[in-house]
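Raw contents of start-v4.cif, mmCIF, C-alpha atoms:
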```cif
data_run
loop_
_atom_site.group_PDB
_atom_site.id
_atom_site.type_symbol
_atom_site.label_atom_id
_atom_site.label_comp_id
_atom_site.auth_asym_id
_atom_site.auth_seq_id
_atom_site.Cartn_x
_atom_site.Cartn_y
_atom_site.Cartn_z
ATOM 1 C CA MET A 289 -36.687 -89.499 -6.481
ATOM 2 C CA ASN A 290 -35.299 -88.867 -9.966
ATOM 3 C CA LYS A 291 -33.039 -91.571 -11.373
ATOM 4 C CA LEU A 292 -30.214 -89.569 -12.909
ATOM 5 C CA ALA A 293 -29.029 -86.060 -13.535
ATOM 6 C CA ILE A 294 -27.214 -86.369 -16.850
ATOM 7 C CA VAL A 295 -24.673 -83.560 -17.161
ATOM 8 C CA PHE A 296 -23.395 -82.932 -20.699
ATOM 9 C CA ASN A 297 -20.263 -80.805 -20.475
ATOM 10 C CA THR A 298 -19.380 -78.198 -23.102
ATOM 11 C CA CYS A 299 -16.602 -75.624 -23.067
ATOM 12 C CA GLY A 300 -16.004 -72.525 -25.146
ATOM 13 C CA ILE A 301 -12.748 -71.406 -23.524
ATOM 14 C CA SER A 302 -10.573 -72.364 -26.516
ATOM 15 C CA GLY A 303 -12.915 -70.700 -29.010
ATOM 16 C CA ARG A 304 -13.309 -73.993 -30.903
ATOM 17 C CA GLU A 305 -16.948 -74.877 -30.287
ATOM 18 C CA ALA A 306 -18.051 -78.102 -31.975
ATOM 19 C CA VAL A 307 -21.714 -77.127 -32.022
ATOM 20 C CA GLN A 308 -22.857 -79.887 -34.380
ATOM 21 C CA GLN A 309 -21.113 -82.463 -32.167
ATOM 22 C CA TYR A 310 -22.879 -80.938 -29.157
ATOM 23 C CA VAL A 311 -26.223 -81.329 -30.930
ATOM 24 C CA ASN A 312 -25.457 -84.922 -31.936
ATOM 25 C CA GLY A 313 -24.364 -85.824 -28.419
ATOM 26 C CA ILE A 314 -27.340 -84.187 -26.715
ATOM 27 C CA ASN A 315 -29.821 -85.763 -29.123
ATOM 28 C CA SER A 316 -28.239 -89.184 -28.457
ATOM 29 C CA ILE A 317 -28.993 -88.616 -24.753
ATOM 30 C CA ILE A 318 -32.536 -87.406 -25.466
ATOM 31 C CA ASP A 319 -33.151 -90.582 -27.509
ATOM 32 C CA GLN A 320 -32.339 -92.902 -24.578
ATOM 33 C CA ASP A 321 -35.007 -95.375 -23.442
ATOM 34 C CA ILE A 322 -34.693 -94.475 -19.749
ATOM 35 C CA GLU A 323 -37.226 -92.317 -17.908
ATOM 36 C CA GLY A 324 -36.831 -90.329 -14.715
ATOM 37 C CA CYS A 325 -33.720 -88.466 -15.859
ATOM 38 C CA GLU A 326 -32.984 -84.803 -16.378
ATOM 39 C CA ILE A 327 -30.463 -83.495 -18.907
ATOM 40 C CA ILE A 328 -28.366 -80.524 -17.868
ATOM 41 C CA ILE A 329 -25.981 -78.843 -20.295
ATOM 42 C CA SER A 330 -23.003 -77.559 -18.321
ATOM 43 C CA SER A 331 -21.793 -74.768 -20.587
ATOM 44 C CA CYS A 332 -18.562 -73.055 -19.552
ATOM 45 C CA LEU A 333 -17.934 -69.875 -21.534
ATOM 46 C CA ASN A 334 -19.689 -71.004 -24.707
ATOM 47 C CA SER A 335 -20.620 -68.174 -27.044
ATOM 48 C CA PRO A 336 -24.226 -66.987 -27.239
ATOM 49 C CA GLU A 337 -24.236 -68.132 -30.881
ATOM 50 C CA ALA A 338 -23.229 -71.667 -29.882
ATOM 51 C CA ILE A 339 -25.919 -71.815 -27.196
ATOM 52 C CA SER A 340 -28.573 -70.569 -29.643
ATOM 53 C CA TYR A 341 -27.507 -73.102 -32.273
ATOM 54 C CA VAL A 342 -27.749 -75.961 -29.794
ATOM 55 C CA GLN A 343 -31.137 -74.806 -28.471
ATOM 56 C CA ASP A 344 -32.496 -74.518 -32.009
ATOM 57 C CA ASN A 345 -31.258 -77.951 -33.115
ATOM 58 C CA ILE A 346 -31.966 -80.368 -30.274
ATOM 59 C CA SER A 347 -35.141 -82.396 -30.293
ATOM 60 C CA ARG A 348 -36.524 -81.325 -26.896
ATOM 61 C CA LYS A 349 -36.004 -78.796 -24.146
ATOM 62 C CA VAL A 350 -33.153 -79.398 -21.714
ATOM 63 C CA THR A 351 -31.752 -77.345 -18.849
ATOM 64 C CA PHE A 352 -28.743 -75.113 -19.504
ATOM 65 C CA ASN A 353 -26.349 -74.105 -16.746
ATOM 66 C CA LEU A 354 -24.419 -71.212 -18.296
ATOM 67 C CA ILE A 355 -21.135 -70.683 -16.474
ATOM 68 C CA LYS A 356 -19.590 -67.319 -17.259
ATOM 69 C CA GLU A 357 -16.161 -67.685 -15.727
ATOM 70 C CA LYS A 358 -13.139 -69.855 -16.466
ATOM 71 C CA LEU A 359 -13.342 -72.808 -14.074
ATOM 72 C CA PRO A 360 -12.070 -76.413 -14.096
ATOM 73 C CA VAL A 361 -14.422 -79.125 -15.312
ATOM 74 C CA ASN A 362 -14.858 -80.730 -11.877
ATOM 75 C CA VAL A 363 -16.106 -77.407 -10.507
ATOM 76 C CA THR A 364 -18.526 -76.806 -13.391
ATOM 77 C CA PHE A 365 -19.822 -80.397 -13.161
ATOM 78 C CA ASN A 366 -20.402 -80.106 -9.422
ATOM 79 C CA HIS A 367 -22.127 -76.758 -9.885
ATOM 80 C CA SER A 368 -24.414 -78.244 -12.544
ATOM 81 C CA CYS A 369 -25.297 -81.090 -10.165
ATOM 82 C CA LEU A 370 -26.212 -78.567 -7.468
ATOM 83 C CA VAL A 371 -28.349 -76.610 -9.938
ATOM 84 C CA ALA A 372 -30.095 -79.847 -10.961
ATOM 85 C CA ARG A 373 -30.889 -80.654 -7.316
ATOM 86 C CA GLU A 374 -32.277 -77.151 -6.759
ATOM 87 C CA LEU A 375 -34.511 -77.398 -9.832
ATOM 88 C CA PHE A 376 -35.617 -81.039 -9.726
ATOM 89 C CA GLY A 377 -34.912 -82.453 -6.257
ATOM 90 C CA GLU A 378 -32.726 -85.391 -5.288
ATOM 91 C CA PHE A 379 -31.283 -87.856 -7.798
ATOM 92 C CA GLY A 380 -30.185 -91.452 -7.440
ATOM 93 C CA GLY A 381 -27.009 -90.633 -9.351
ATOM 94 C CA TYR A 382 -25.151 -88.087 -11.435
ATOM 95 C CA LEU A 383 -23.761 -88.968 -14.848
ATOM 96 C CA TYR A 384 -21.043 -86.911 -16.551
ATOM 97 C CA ILE A 385 -20.912 -87.027 -20.348
ATOM 98 C CA ASP A 386 -18.212 -85.190 -22.276
ATOM 99 C CA SER A 387 -19.274 -83.151 -25.308
ATOM 100 C CA GLY A 388 -17.182 -85.384 -27.591
ATOM 101 C CA ILE A 389 -19.412 -88.385 -26.836
ATOM 102 C CA THR A 390 -22.342 -89.566 -28.931
ATOM 103 C CA LEU A 391 -24.102 -92.593 -27.457
ATOM 104 C CA ARG A 392 -24.351 -95.549 -29.847
ATOM 105 C CA THR A 393 -27.636 -97.158 -28.844
ATOM 106 C CA ASN A 394 -30.780 -95.959 -27.092
ATOM 107 C CA LYS A 395 -30.081 -98.362 -24.204
ATOM 108 C CA ASP A 396 -26.603 -97.119 -23.189
ATOM 109 C CA ILE A 397 -27.726 -95.088 -20.176
ATOM 110 C CA SER A 398 -30.262 -97.653 -18.951
ATOM 111 C CA ILE A 399 -27.478 -100.271 -19.008
ATOM 112 C CA LEU A 400 -25.244 -97.971 -16.937
ATOM 113 C CA TYR A 401 -28.092 -97.229 -14.535
ATOM 114 C CA ASP A 402 -28.855 -100.949 -14.095
ATOM 115 C CA LEU A 403 -25.189 -101.581 -13.269
ATOM 116 C CA LEU A 404 -25.259 -98.769 -10.717
ATOM 117 C CA GLN A 405 -28.287 -100.358 -9.020
ATOM 118 C CA LYS A 406 -26.569 -103.763 -8.708
ATOM 119 C CA GLY A 407 -23.914 -102.750 -6.225
ATOM 120 C CA ARG A 408 -21.754 -100.208 -4.521
ATOM 121 C CA HIS A 409 -19.689 -98.365 -7.097
ATOM 122 C CA ALA A 410 -17.245 -95.452 -7.024
ATOM 123 C CA LEU A 411 -17.006 -95.378 -3.257
#
```

If you convert what's in this file into structure tokens, what do you get?
Amino acid sequence: MNKLAIVFNTCGISGREAVQQYVNGINSIIDQDIEGCEIIISSCLNSPEAISYVQDNISRKVTFNLIKEKLPVNVTFNHSCLVARELFGEFGGYLYIDSGITLRTNKDISILYDLLQKGRHAL
């Protein structure tokens, strides 16, 4: 079983797409020291130009879930989790990361995952 589906949420509804922040945030996830995870970009109504910029400027291939209708973030997150399960199988957990977040160290996600494994959380 895969450890985590890491869903990085982006949104183009407002027309203000912070593409360089997206790239920084995604690369901070790619640089994590944890294995057995898949990165899914949950992209709600981002422009084709924004998607191309991100694809051209991240350091490895990730999965994009392009959502082409205006939906709330909980719906787009859940949809991205379902897409991840269809593509990669079951996961031990699902991690939501907002597009405004850049992780500070390469151990941030492994620390979160270790905490998840130590007990029952978010029940």

What residues come out when you apply the PyMOL selection byres ((chain A and resi 358) around 8) to this file, written as a PDB file with C-alpha atoms, in the frame of the given file?
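Dumped to selection29.pdb:
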```pdb
ATOM      1  CA  ILE A 301     -12.748 -71.406 -23.524  1.00  0.00           C
ATOM      2  CA  CYS A 332     -18.562 -73.055 -19.552  1.00  0.00           C
ATOM      3  CA  LEU A 333     -17.934 -69.875 -21.534  1.00  0.00           C
ATOM      4  CA  LYS A 356     -19.590 -67.319 -17.259  1.00  0.00           C
ATOM      5  CA  GLU A 357     -16.161 -67.685 -15.727  1.00  0.00           C
ATOM      6  CA  LEU A 359     -13.342 -72.808 -14.074  1.00  0.00           C
ATOM      7  CA  PRO A 360     -12.070 -76.413 -14.096  1.00  0.00           C
TER       8      PRO A 360
END
```

Report task. Calculate how many Å separate atom CA of Ile322 of chain A from atom CA of Leu400 of chain A, rounding to one decimal. Result -> 10.5 Å

Query raised in the report: Once the PyMOL selection byres ((chain A and resi 339) around 12) has been applied to the shown file, what residues remain in the selection, as a PyMOL selection string?
Result: chain A and resi 298-300+305-308+310-311+329-338+340-346+350-355

Would you write out, as a compact mmCIF listing (two decimals) with C-alpha atoms, in the frame of the given file, every residue that the PyMOL selection byres ((chain A and resi 387) around 9) captures in this file?
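Wrote out_33.txt, looks like this:
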```
# COMPACT_ATOMS: atom_id res chain seq x y z
CA PHE A 296 -23.40 -82.93 -20.70
CA ASN A 297 -20.26 -80.81 -20.48
CA THR A 298 -19.38 -78.20 -23.10
CA CYS A 299 -16.60 -75.62 -23.07
CA ALA A 306 -18.05 -78.10 -31.98
CA GLN A 309 -21.11 -82.46 -32.17
CA TYR A 310 -22.88 -80.94 -29.16
CA GLY A 313 -24.36 -85.82 -28.42
CA ILE A 314 -27.34 -84.19 -26.72
CA ILE A 385 -20.91 -87.03 -20.35
CA ASP A 386 -18.21 -85.19 -22.28
CA GLY A 388 -17.18 -85.38 -27.59
CA ILE A 389 -19.41 -88.38 -26.84
CA THR A 390 -22.34 -89.57 -28.93
```

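Separating atom CA of Asn366 of chain A from atom CA of Ala293 of chain A is a distance of 11.3 Å.
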
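Taking only C-alpha atoms into account, Leu403 of chain A lies nearest to A:Gly381 out of the set A:Met289, A:Leu370, A:Gly381, A:Asn312.
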
Report summary line: Using only C-alpha atoms, the best pick from A:Cys369, A:Asp319, A:Phe379, A:Gly407 as closest to Arg348 of chain A would be A:Asp319

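Shortest atom-to-atom contact with Gly380 of chain A among A:Ser302, A:Ser347, A:Gln320, A:Gln405: A:Gln405, counting only C-alpha atoms.
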
Mind completing segment 387-398 of chain A with all heavy atoms? Output as a PDB file, in the coordinates of the input, please?
```pdb
ATOM      1  N   SER A 387     -18.649 -83.611 -24.068  1.00  0.00           N
ATOM      2  CA  SER A 387     -19.274 -83.151 -25.308  1.00  0.00           C
ATOM      3  C   SER A 387     -18.775 -83.874 -26.546  1.00  0.00           C
ATOM      4  O   SER A 387     -19.398 -83.793 -27.603  1.00  0.00           O
ATOM      5  CB  SER A 387     -19.049 -81.644 -25.484  1.00  0.00           C
ATOM      6  OG  SER A 387     -17.670 -81.369 -25.618  1.00  0.00           O
ATOM      7  N   GLY A 388     -17.683 -84.612 -26.444  1.00  0.00           N
ATOM      8  CA  GLY A 388     -17.182 -85.384 -27.591  1.00  0.00           C
ATOM      9  C   GLY A 388     -17.848 -86.743 -27.739  1.00  0.00           C
ATOM     10  O   GLY A 388     -17.541 -87.490 -28.664  1.00  0.00           O
ATOM     11  N   ILE A 389     -18.769 -87.063 -26.851  1.00  0.00           N
ATOM     12  CA  ILE A 389     -19.412 -88.385 -26.836  1.00  0.00           C
ATOM     13  C   ILE A 389     -20.770 -88.334 -27.519  1.00  0.00           C
ATOM     14  O   ILE A 389     -21.588 -87.456 -27.252  1.00  0.00           O
ATOM     15  CB  ILE A 389     -19.611 -88.874 -25.378  1.00  0.00           C
ATOM     16  CG1 ILE A 389     -18.285 -88.990 -24.641  1.00  0.00           C
ATOM     17  CG2 ILE A 389     -20.402 -90.174 -25.313  1.00  0.00           C
ATOM     18  CD1 ILE A 389     -17.344 -90.019 -25.206  1.00  0.00           C
ATOM     19  N   THR A 390     -21.009 -89.302 -28.394  1.00  0.00           N
ATOM     20  CA  THR A 390     -22.342 -89.566 -28.931  1.00  0.00           C
ATOM     21  C   THR A 390     -22.655 -91.018 -28.583  1.00  0.00           C
ATOM     22  O   THR A 390     -21.884 -91.919 -28.933  1.00  0.00           O
ATOM     23  CB  THR A 390     -22.392 -89.355 -30.463  1.00  0.00           C
ATOM     24  OG1 THR A 390     -22.042 -88.002 -30.756  1.00  0.00           O
ATOM     25  CG2 THR A 390     -23.787 -89.653 -31.016  1.00  0.00           C
ATOM     26  N   LEU A 391     -23.740 -91.242 -27.869  1.00  0.00           N
ATOM     27  CA  LEU A 391     -24.102 -92.593 -27.457  1.00  0.00           C
ATOM     28  C   LEU A 391     -24.488 -93.417 -28.689  1.00  0.00           C
ATOM     29  O   LEU A 391     -25.073 -92.897 -29.641  1.00  0.00           O
ATOM     30  CB  LEU A 391     -25.243 -92.539 -26.446  1.00  0.00           C
ATOM     31  CG  LEU A 391     -24.902 -91.748 -25.174  1.00  0.00           C
ATOM     32  CD1 LEU A 391     -26.120 -91.571 -24.298  1.00  0.00           C
ATOM     33  CD2 LEU A 391     -23.772 -92.402 -24.411  1.00  0.00           C
ATOM     34  N   ARG A 392     -24.168 -94.701 -28.661  1.00  0.00           N
ATOM     35  CA  ARG A 392     -24.351 -95.549 -29.847  1.00  0.00           C
ATOM     36  C   ARG A 392     -25.718 -96.196 -29.948  1.00  0.00           C
ATOM     37  O   ARG A 392     -26.217 -96.414 -31.035  1.00  0.00           O
ATOM     38  CB  ARG A 392     -23.279 -96.624 -29.877  1.00  0.00           C
ATOM     39  CG  ARG A 392     -21.904 -96.043 -30.085  1.00  0.00           C
ATOM     40  CD  ARG A 392     -20.884 -97.123 -30.177  1.00  0.00           C
ATOM     41  NE  ARG A 392     -19.565 -96.509 -30.324  1.00  0.00           N
ATOM     42  CZ  ARG A 392     -18.565 -97.097 -30.891  1.00  0.00           C
ATOM     43  NH1 ARG A 392     -18.692 -98.314 -31.361  1.00  0.00           N
ATOM     44  NH2 ARG A 392     -17.407 -96.485 -30.988  1.00  0.00           N
ATOM     45  N   THR A 393     -26.307 -96.543 -28.808  1.00  0.00           N
ATOM     46  CA  THR A 393     -27.636 -97.158 -28.844  1.00  0.00           C
ATOM     47  C   THR A 393     -28.542 -96.408 -27.880  1.00  0.00           C
ATOM     48  O   THR A 393     -28.072 -95.659 -27.021  1.00  0.00           O
ATOM     49  CB  THR A 393     -27.606 -98.650 -28.427  1.00  0.00           C
ATOM     50  OG1 THR A 393     -27.459 -98.746 -27.004  1.00  0.00           O
ATOM     51  CG2 THR A 393     -26.478 -99.410 -29.130  1.00  0.00           C
ATOM     52  N   ASN A 394     -29.842 -96.646 -27.983  1.00  0.00           N
ATOM     53  CA  ASN A 394     -30.780 -95.959 -27.092  1.00  0.00           C
ATOM     54  C   ASN A 394     -30.884 -96.650 -25.729  1.00  0.00           C
ATOM     55  O   ASN A 394     -31.685 -96.250 -24.902  1.00  0.00           O
ATOM     56  CB  ASN A 394     -32.144 -95.820 -27.741  1.00  0.00           C
ATOM     57  CG  ASN A 394     -32.869 -97.135 -27.881  1.00  0.00           C
ATOM     58  OD1 ASN A 394     -32.267 -98.205 -27.843  1.00  0.00           O
ATOM     59  ND2 ASN A 394     -34.169 -97.064 -28.052  1.00  0.00           N
ATOM     60  N   LYS A 395     -30.067 -97.650 -25.484  1.00  0.00           N
ATOM     61  CA  LYS A 395     -30.081 -98.362 -24.204  1.00  0.00           C
ATOM     62  C   LYS A 395     -28.819 -98.101 -23.373  1.00  0.00           C
ATOM     63  O   LYS A 395     -28.677 -98.635 -22.274  1.00  0.00           O
ATOM     64  CB  LYS A 395     -30.220 -99.862 -24.451  1.00  0.00           C
ATOM     65  CG  LYS A 395     -31.520-100.228 -25.133  1.00  0.00           C
ATOM     66  CD  LYS A 395     -31.691-101.724 -25.205  1.00  0.00           C
ATOM     67  CE  LYS A 395     -32.962-102.120 -25.896  1.00  0.00           C
ATOM     68  NZ  LYS A 395     -34.151-101.423 -25.508  1.00  0.00           N
ATOM     69  N   ASP A 396     -27.887 -97.301 -23.870  1.00  0.00           N
ATOM     70  CA  ASP A 396     -26.603 -97.119 -23.189  1.00  0.00           C
ATOM     71  C   ASP A 396     -26.758 -96.625 -21.750  1.00  0.00           C
ATOM     72  O   ASP A 396     -26.139 -97.158 -20.833  1.00  0.00           O
ATOM     73  CB  ASP A 396     -25.712 -96.146 -23.977  1.00  0.00           C
ATOM     74  CG  ASP A 396     -25.242 -96.728 -25.302  1.00  0.00           C
ATOM     75  OD1 ASP A 396     -25.210 -97.969 -25.436  1.00  0.00           O
ATOM     76  OD2 ASP A 396     -24.908 -95.939 -26.204  1.00  0.00           O
ATOM     77  N   ILE A 397     -27.586 -95.633 -21.533  1.00  0.00           N
ATOM     78  CA  ILE A 397     -27.726 -95.088 -20.176  1.00  0.00           C
ATOM     79  C   ILE A 397     -28.516 -96.036 -19.282  1.00  0.00           C
ATOM     80  O   ILE A 397     -28.181 -96.188 -18.100  1.00  0.00           O
ATOM     81  CB  ILE A 397     -28.326 -93.670 -20.208  1.00  0.00           C
ATOM     82  CG1 ILE A 397     -27.311 -92.718 -20.847  1.00  0.00           C
ATOM     83  CG2 ILE A 397     -28.695 -93.194 -18.800  1.00  0.00           C
ATOM     84  CD1 ILE A 397     -27.770 -91.288 -20.997  1.00  0.00           C
ATOM     85  N   SER A 398     -29.520 -96.705 -19.800  1.00  0.00           N
ATOM     86  CA  SER A 398     -30.262 -97.653 -18.951  1.00  0.00           C
ATOM     87  C   SER A 398     -29.359 -98.813 -18.527  1.00  0.00           C
ATOM     88  O   SER A 398     -29.468 -99.306 -17.406  1.00  0.00           O
ATOM     89  CB  SER A 398     -31.530 -98.153 -19.644  1.00  0.00           C
ATOM     90  OG  SER A 398     -31.232 -98.840 -20.833  1.00  0.00           O
TER      91      SER A 398
END
```
